[in-house]
Amino acid sequence: MTLFDCSPVSDGAAMVLLVSEDLAKAFSDSPLYLIGSGQASDGALPERETLSGIPAAEKAGKQAYEMAGLTPDDIDLAEVHDCFTIAEIMASEDLGFFPRGEGWKAAMEGKTARDGEHPINTSGGLKARGTRWVLPVWLRWLRSGNSFTGLRVSDSCLITPQSA
Amino acid sequence: MSKSKWSRGVAVVGAGMSKFGAFPDKTSRDLAVEAFKDLKKSMDKPLDPKKIDAFYLGNFSSDQFEKQAHFAPILASWLGLSPISALRVEDACASGAVAIRQAALAIASGEYDVILVGGLEKMTDLQIAEITEALGTAADTQFEIPAGFTFPGFYAAMATAYMHEYGADRNAFFDVAIKNHKNGALNDKAQFEQTIEQIMEAKKARAVKKGRRNPPGKPTLSSSRTRKAIPTSPGR
């Protein structure tokens with residue numbers, strides 16, 4: 001791995017305000033609803049059954065898809081954990097956007113670019129935006145008129161809001 | 001097994017973030033205030049802070065990075081929210097996302113109606129070796145760290161396994177970096193609002209200015225396809 005495979009260390013903060021569904025309209029005319037969430041955690045590297053994927057991300061993704069009643073092909077935008085470039089490629093497979101072993105080809109073919117079939121990390125990801133907390137970035141984009149289903153994952157947790 | 005339905009739904013009604021980067025002249029409290037102000041600005045109805053029931057802070061290690069533990073109540077007080085319930089959620093790099101999920105579950109349970117969720121890290125005040133050591137505490141410090149692993153080492157091991165298993169071209173990794181920097185260049189809150197090409201050109205210019213004999217050459221950005229024009233973010 002080289003310098004450009006690594007995300008930087010950063011200073012930064014982000015915040016979101018969550019409210020119960022029944023109160024949403026009292027706080028905003030255009031609330032976003034969380035429609036799916038999941039979480040799983042892997043142990044130490046030697047304990048994992050594979051090194052070429054993140055089992056926890058796959059499990060968390062399945063939970064969130066099931067809760068939302070969606071499939072990977074329904075997702076219009078994903079923000080995934082790209083602390084190192086390989087992490088984004090593995091996540092693109094763990095979350096079912098591409099078959100196992102195909103994520104690297106998809107990256108080379110531009111399928112994860114902003115105009116690709118599965119846009120990933122349009123905020124710049126940890127790689128360019130800075131370490132941690134992506135959600136608010138694309139919430140801002142949602143607010144500016146786009147309508148899509150989004151999905152966020154960070155190693156072990158995933159949330160899928162959808163524009164109202 | 002997780003249940004696929006929550007007992008009541010949860011909505012996001014505001015979101016904000018500070019500029020990301022390395023800020024030696026700012027405290028993490030400054031960054032939290034910046035994010036909170038940005039959140040309030042994002043809302044289409046004015047926020048009455050008295051309606052906030054709890055503050056959940058996703059933070060990996062303020063105690064190591066800033067020698068400040070118990071940071072959630074300190075920040076809640078700084079934001080004028082005390083004495084609401086305030087707690088820190090630590091789950092390594094997933095701390096922020098897990099804090100959102102825990103807050104959502106607390107609302108779904110009926111215990112709280114309104115929760116402010118923050119995510120914050122101030123990592124750049126330490127030296128690189130200290131940062132590496134602090135991040136390393138997210139790994140297994142009994143078995144992995146004594147074996148010589150650091151986080152770049154972990155992911156290099158995964159990258160090696162992935163390339164071995166699937167015959168991946170190493171250039172695919174660089175394509176991810178090129179794409180994310182291209183996207184980051186459109187994000188005014190990003191640490192690097194620059195493409196890799198711009199970063200390399202700036203590096204070269206600095207080297208020339210310092211009178212280095214062999215400045216790095218023009219970068220060749222291998223990309224396996226001719227990309228279409230990138231649309232500008234609708235938010236800008």
# chains A, B, ... in the order shown; residues from 1 in each chain; ligands from 1
$ select_by_dssp --residues "segment 68-152 of chain B" --states "helix (DSSP H, G or I)" --output "short mmCIF file (atom, residue, chain, number, x, y, z; two decimals) with C-alpha atoms, in the first residue's frame"
data_model
loop_
_atom_site.label_atom_id
_atom_site.label_comp_id
_atom_site.auth_asym_id
_atom_site.auth_seq_id
_atom_site.Cartn_x
_atom_site.Cartn_y
_atom_site.Cartn_z
CA PHE B 71 -16.47 14.18 26.78
CA ALA B 72 -20.23 13.90 26.07
CA PRO B 73 -21.40 15.72 29.23
CA ILE B 74 -18.65 18.33 28.80
CA LEU B 75 -19.74 19.02 25.22
CA ALA B 76 -23.46 18.98 26.07
CA SER B 77 -22.75 21.62 28.68
CA TRP B 78 -20.64 23.62 26.21
CA SER B 95 -18.33 5.11 16.67
CA GLY B 96 -20.35 7.78 14.84
CA ALA B 97 -22.54 5.34 12.94
CA VAL B 98 -23.14 3.23 16.03
CA ALA B 99 -24.05 6.37 18.02
CA ILE B 100 -26.72 7.14 15.40
CA ARG B 101 -28.03 3.60 15.62
CA GLN B 102 -28.08 3.60 19.43
CA ALA B 103 -29.92 6.93 19.44
CA ALA B 104 -32.41 5.61 16.87
CA LEU B 105 -33.03 2.52 19.02
CA ALA B 106 -33.54 4.71 22.10
CA ILE B 107 -36.16 6.74 20.24
CA ALA B 108 -37.77 3.60 18.80
CA ILE B 128 2.30 10.43 14.00
CA ALA B 129 3.81 7.69 16.21
CA GLU B 130 1.44 8.62 19.04
CA ILE B 131 -1.54 8.66 16.65
CA THR B 132 -0.58 5.24 15.32
CA GLU B 133 -0.33 3.93 18.87
CA ALA B 134 -3.70 5.44 19.83
CA LEU B 135 -5.44 3.97 16.76
CA GLY B 136 -3.76 0.65 17.49
CA PHE B 151 -3.82 -0.31 10.89
CA PRO B 152 -2.08 0.23 7.57
#
$ select_by_dssp --residues "segment 61-122 of chain A" --states "strand (DSSP E or B)" --output "list of chain:residue names"
A:Leu77, A:Ala78, A:Glu79, A:Phe84, A:Ile120
$ atom_distance --atom1 "atom CA of Arg170 of chain B" --atom2 "atom CA of Met158 of chain B"
12.8 Å
$ atom_distance --atom1 "atom CA of Ala94 of chain B" --atom2 "atom CA of Asp42 of chain A"
11.8 Å
$ closest_residue --among "A:Pro8, A:Gly43, A:Gly124, A:Pro119" --to "chain B" --atoms "only C-alpha atoms"
A:Gly124
$ atom_distance --atom1 "atom CA of Glu165 of chain B" --atom2 "atom CA of Glu144 of chain B"
22.8 Å
$ closest_residue --among "A:Glu21, A:Glu93, A:Glu117, A:Glu47" --to "Ile75 of chain A" --atoms "only C-alpha atoms"
A:Glu117
$ closest_residue --among "A:Leu51, A:Gly103, A:Met90, A:Gly96" --to "Leu70 of chain A" --atoms "only C-alpha atoms"
A:Gly96
$ residues_around --residues "segment 116-118 of chain B" --least-positions-apart "3" --cutoff "7 Å" --atoms "only C-alpha atoms" --output "VMD selection string"
(chain A and resid 14 to 18) or (chain B and resid 52 54 to 58 99 to 100)
$ write_last_selection --atoms "all heavy atoms" --output "CSV table (one decimal), in the first residue's frame"
chain,number,residue,atom,x,y,z
A,14,ALA,N,-19.4,16.4,13.3
A,14,ALA,CA,-20.7,16.4,12.6
A,14,ALA,C,-21.8,16.1,13.5
A,14,ALA,O,-21.6,15.5,14.6
A,14,ALA,CB,-20.6,15.3,11.5
A,15,MET,N,-23.0,16.5,13.2
A,15,MET,CA,-24.1,16.3,14.1
A,15,MET,C,-25.4,16.0,13.2
A,15,MET,O,-25.5,16.5,12.1
A,15,MET,CB,-24.4,17.5,14.9
A,15,MET,CG,-23.3,17.7,15.9
A,15,MET,SD,-23.7,18.6,17.4
A,15,MET,CE,-22.1,18.8,18.1
A,16,VAL,N,-26.2,15.1,13.8
A,16,VAL,CA,-27.6,14.9,13.2
A,16,VAL,C,-28.6,15.0,14.4
A,16,VAL,O,-28.3,14.7,15.5
A,16,VAL,CB,-27.8,13.6,12.5
A,16,VAL,CG1,-27.0,13.5,11.2
A,16,VAL,CG2,-27.4,12.4,13.4
A,17,LEU,N,-29.8,15.4,14.0
A,17,LEU,CA,-30.9,15.5,15.0
A,17,LEU,C,-31.9,14.4,14.6
A,17,LEU,O,-32.5,14.5,13.5
A,17,LEU,CB,-31.5,16.9,15.0
A,17,LEU,CG,-32.5,17.2,16.2
A,17,LEU,CD1,-31.7,17.1,17.5
A,17,LEU,CD2,-33.2,18.5,16.0
A,18,LEU,N,-32.1,13.5,15.6
A,18,LEU,CA,-33.1,12.4,15.3
A,18,LEU,C,-34.3,12.7,16.2
A,18,LEU,O,-34.2,13.0,17.4
A,18,LEU,CB,-32.5,11.1,15.7
A,18,LEU,CG,-31.2,10.6,15.0
A,18,LEU,CD1,-30.8,9.2,15.5
A,18,LEU,CD2,-31.3,10.7,13.5
B,52,ILE,N,-34.4,19.0,23.2
B,52,ILE,CA,-33.5,17.9,23.0
B,52,ILE,C,-33.5,17.1,24.3
B,52,ILE,O,-33.2,17.7,25.4
B,52,ILE,CB,-32.1,18.4,22.6
B,52,ILE,CG1,-32.2,19.1,21.3
B,52,ILE,CG2,-31.1,17.3,22.6
B,52,ILE,CD1,-30.9,19.8,20.9
B,54,ALA,N,-31.6,14.1,24.8
B,54,ALA,CA,-30.3,13.5,25.1
B,54,ALA,C,-29.3,13.8,24.1
B,54,ALA,O,-29.6,14.2,22.9
B,54,ALA,CB,-30.5,11.9,25.2
B,55,PHE,N,-28.0,13.7,24.4
B,55,PHE,CA,-26.9,13.9,23.5
B,55,PHE,C,-26.0,12.6,23.5
B,55,PHE,O,-25.5,12.2,24.5
B,55,PHE,CB,-26.1,15.1,24.0
B,55,PHE,CG,-24.8,15.4,23.2
B,55,PHE,CD1,-24.9,15.6,21.8
B,55,PHE,CD2,-23.6,15.4,23.8
B,55,PHE,CE1,-23.8,15.9,21.0
B,55,PHE,CE2,-22.4,15.6,23.0
B,55,PHE,CZ,-22.6,15.9,21.6
B,56,TYR,N,-26.0,12.0,22.3
B,56,TYR,CA,-25.1,10.8,22.1
B,56,TYR,C,-23.9,11.3,21.3
B,56,TYR,O,-24.1,11.8,20.2
B,56,TYR,CB,-25.9,9.7,21.4
B,56,TYR,CG,-26.9,8.9,22.2
B,56,TYR,CD1,-27.6,9.5,23.2
B,56,TYR,CD2,-27.1,7.6,21.9
B,56,TYR,CE1,-28.5,8.7,23.9
B,56,TYR,CE2,-28.0,6.8,22.6
B,56,TYR,CZ,-28.7,7.4,23.6
B,56,TYR,OH,-29.6,6.6,24.4
B,57,LEU,N,-22.7,11.0,21.8
B,57,LEU,CA,-21.5,11.4,21.1
B,57,LEU,C,-20.7,10.2,20.6
B,57,LEU,O,-20.3,9.4,21.4
B,57,LEU,CB,-20.6,12.2,22.0
B,57,LEU,CG,-19.2,12.6,21.5
B,57,LEU,CD1,-19.4,13.6,20.3
B,57,LEU,CD2,-18.3,13.2,22.5
B,58,GLY,N,-20.6,10.1,19.3
B,58,GLY,CA,-19.7,9.0,18.8
B,58,GLY,C,-18.3,9.6,18.7
B,58,GLY,O,-18.0,10.6,18.1
B,99,ALA,N,-23.3,5.4,17.2
B,99,ALA,CA,-24.0,6.4,18.0
B,99,ALA,C,-25.4,6.7,17.4
B,99,ALA,O,-26.4,6.8,18.1
B,99,ALA,CB,-23.2,7.6,18.2
B,100,ILE,N,-25.4,6.9,16.1
B,100,ILE,CA,-26.7,7.1,15.4
B,100,ILE,C,-27.7,6.0,15.6
B,100,ILE,O,-28.8,6.2,16.0
B,100,ILE,CB,-26.5,7.4,13.9
B,100,ILE,CG1,-25.7,8.6,13.6
B,100,ILE,CG2,-27.9,7.4,13.2
B,100,ILE,CD1,-25.5,8.9,12.2
$ residues_around --residues "Gln198 of chain B" --least-positions-apart "3" --cutoff "12 Å" --atoms "only C-alpha atoms" --output "ChimeraX atom specification"
/B:178,181-182,185,192-195,201-205,218-219,221
$ write_last_selection --atoms "all heavy atoms" --output "CSV table (one decimal), in the first residue's frame"
chain,number,residue,atom,x,y,z
B,178,ILE,N,-8.3,8.0,-6.8
B,178,ILE,CA,-8.5,9.0,-7.8
B,178,ILE,C,-10.0,9.5,-7.7
B,178,ILE,O,-10.3,10.7,-7.7
B,178,ILE,CB,-8.2,8.5,-9.2
B,178,ILE,CG1,-6.7,8.3,-9.3
B,178,ILE,CG2,-8.6,9.6,-10.3
B,178,ILE,CD1,-6.2,7.6,-10.6
B,181,HIS,N,-10.9,11.4,-4.4
B,181,HIS,CA,-10.4,12.7,-4.4
B,181,HIS,C,-11.1,13.6,-5.4
B,181,HIS,O,-11.3,14.8,-5.1
B,181,HIS,CB,-8.9,12.7,-4.6
B,181,HIS,CG,-8.1,12.4,-3.4
B,181,HIS,ND1,-7.8,13.4,-2.5
B,181,HIS,CD2,-7.6,11.3,-2.9
B,181,HIS,CE1,-7.1,12.9,-1.5
B,181,HIS,NE2,-7.0,11.6,-1.7
B,182,LYS,N,-11.5,13.1,-6.5
B,182,LYS,CA,-12.3,13.8,-7.5
B,182,LYS,C,-13.6,14.3,-6.9
B,182,LYS,O,-14.0,15.4,-7.0
B,182,LYS,CB,-12.5,12.9,-8.7
B,182,LYS,CG,-12.7,13.7,-10.0
B,182,LYS,CD,-12.9,12.7,-11.1
B,182,LYS,CE,-11.7,12.6,-12.1
B,182,LYS,NZ,-12.0,11.8,-13.2
B,185,ALA,N,-13.1,17.0,-4.2
B,185,ALA,CA,-12.8,18.3,-4.7
B,185,ALA,C,-14.1,19.1,-4.9
B,185,ALA,O,-14.1,20.3,-5.0
B,185,ALA,CB,-12.1,18.1,-6.1
B,192,PHE,N,-9.4,17.5,1.8
B,192,PHE,CA,-8.7,17.8,0.6
B,192,PHE,C,-9.8,18.2,-0.5
B,192,PHE,O,-10.4,17.3,-1.1
B,192,PHE,CB,-8.0,16.5,0.1
B,192,PHE,CG,-7.0,16.0,1.0
B,192,PHE,CD1,-7.2,14.8,1.7
B,192,PHE,CD2,-5.8,16.7,1.3
B,192,PHE,CE1,-6.3,14.3,2.6
B,192,PHE,CE2,-4.9,16.2,2.2
B,192,PHE,CZ,-5.1,15.0,2.9
B,193,GLU,N,-9.9,19.4,-0.7
B,193,GLU,CA,-10.8,19.8,-1.8
B,193,GLU,C,-10.0,19.8,-3.1
B,193,GLU,O,-10.1,20.8,-3.9
B,193,GLU,CB,-11.3,21.2,-1.5
B,193,GLU,CG,-12.4,21.3,-0.5
B,193,GLU,CD,-12.9,22.8,-0.3
B,193,GLU,OE1,-13.6,23.2,-1.3
B,193,GLU,OE2,-12.6,23.4,0.7
B,194,GLN,N,-9.3,18.8,-3.3
B,194,GLN,CA,-8.4,18.7,-4.5
B,194,GLN,C,-8.4,17.4,-5.1
B,194,GLN,O,-8.5,16.4,-4.4
B,194,GLN,CB,-6.9,19.0,-4.0
B,194,GLN,CG,-6.7,20.4,-3.6
B,194,GLN,CD,-5.3,20.5,-3.0
B,194,GLN,OE1,-4.9,19.7,-2.1
B,194,GLN,NE2,-4.5,21.4,-3.5
B,195,THR,N,-8.2,17.3,-6.4
B,195,THR,CA,-8.0,16.0,-7.0
B,195,THR,C,-6.5,15.6,-6.8
B,195,THR,O,-5.7,16.4,-6.4
B,195,THR,CB,-8.1,16.1,-8.6
B,195,THR,OG1,-7.2,17.0,-9.1
B,195,THR,CG2,-9.5,16.6,-8.9
B,201,GLU,N,0.6,18.3,-8.3
B,201,GLU,CA,1.2,19.5,-9.0
B,201,GLU,C,1.7,20.4,-7.9
B,201,GLU,O,2.7,21.1,-8.0
B,201,GLU,CB,0.1,20.2,-9.8
B,201,GLU,CG,-0.2,19.4,-11.2
B,201,GLU,CD,1.0,19.3,-12.1
B,201,GLU,OE1,1.9,20.2,-12.0
B,201,GLU,OE2,1.1,18.3,-12.9
B,202,ALA,N,0.9,20.6,-6.8
B,202,ALA,CA,1.3,21.5,-5.7
B,202,ALA,C,2.5,21.0,-5.0
B,202,ALA,O,3.4,21.8,-4.7
B,202,ALA,CB,0.1,21.5,-4.7
B,203,LYS,N,2.7,19.7,-4.9
B,203,LYS,CA,3.9,19.1,-4.3
B,203,LYS,C,5.1,19.4,-5.2
B,203,LYS,O,6.1,19.8,-4.7
B,203,LYS,CB,3.7,17.5,-4.3
B,203,LYS,CG,3.5,17.0,-2.9
B,203,LYS,CD,3.5,15.5,-3.0
B,203,LYS,CE,3.9,14.9,-1.7
B,203,LYS,NZ,3.7,13.4,-1.6
B,204,LYS,N,4.9,19.3,-6.5
B,204,LYS,CA,6.0,19.5,-7.4
B,204,LYS,C,6.4,21.0,-7.3
B,204,LYS,O,7.6,21.3,-7.3
B,204,LYS,CB,5.5,19.2,-8.8
B,204,LYS,CG,6.5,19.2,-9.9
B,204,LYS,CD,5.9,18.7,-11.2
B,204,LYS,CE,6.8,19.1,-12.3
B,204,LYS,NZ,6.1,18.8,-13.6
B,205,ALA,N,5.4,21.9,-7.2
B,205,ALA,CA,5.7,23.3,-7.2
B,205,ALA,C,6.5,23.7,-5.9
B,205,ALA,O,7.4,24.4,-5.9
B,205,ALA,CB,4.4,24.1,-7.2
B,218,LYS,N,5.5,14.8,-13.6
B,218,LYS,CA,4.0,14.9,-13.8
B,218,LYS,C,3.4,13.5,-13.5
B,218,LYS,O,3.9,12.5,-14.0
B,218,LYS,CB,3.7,15.4,-15.2
B,218,LYS,CG,2.3,15.7,-15.4
B,218,LYS,CD,2.0,16.3,-16.8
B,218,LYS,CE,0.6,16.3,-17.2
B,218,LYS,NZ,-0.3,17.1,-16.3
B,219,PRO,N,2.4,13.5,-12.6
B,219,PRO,CA,1.8,12.2,-12.3
B,219,PRO,C,1.1,11.6,-13.5
B,219,PRO,O,0.5,12.3,-14.3
B,219,PRO,CB,0.9,12.5,-11.2
B,219,PRO,CG,0.5,14.0,-11.4
B,219,PRO,CD,1.7,14.6,-12.0
B,221,LEU,N,-1.9,9.4,-14.3
B,221,LEU,CA,-3.0,8.8,-13.6
B,221,LEU,C,-3.6,7.7,-14.5
B,221,LEU,O,-4.4,8.0,-15.4
B,221,LEU,CB,-4.1,9.9,-13.3
B,221,LEU,CG,-3.5,11.1,-12.4
B,221,LEU,CD1,-4.6,12.1,-12.2
B,221,LEU,CD2,-3.0,10.5,-11.1
$ residues_around --residues "Gly125 of chain A" --least-positions-apart "3" --cutoff "9 Å" --atoms "only C-alpha atoms" --output "NGL selection string"
(:A and (7 or 79-83 or 120-122 or 128-132 or 134)) or (:B and (180-181 or 183-184 or 190))
$ closest_residue --among "B:Ile145, B:Ile84, B:Val114, B:Val208" --to "chain A" --atoms "only C-alpha atoms"
B:Val114
$ residues_around --residues "Ser92 of chain A" --least-positions-apart "6" --cutoff "12 Å" --atoms "only C-alpha atoms" --output "ChimeraX atom specification"
/A:52-54,57-58,61,72-73,75,77-82,85-86,98-107,111-112,118-121,151-153,155 /B:176
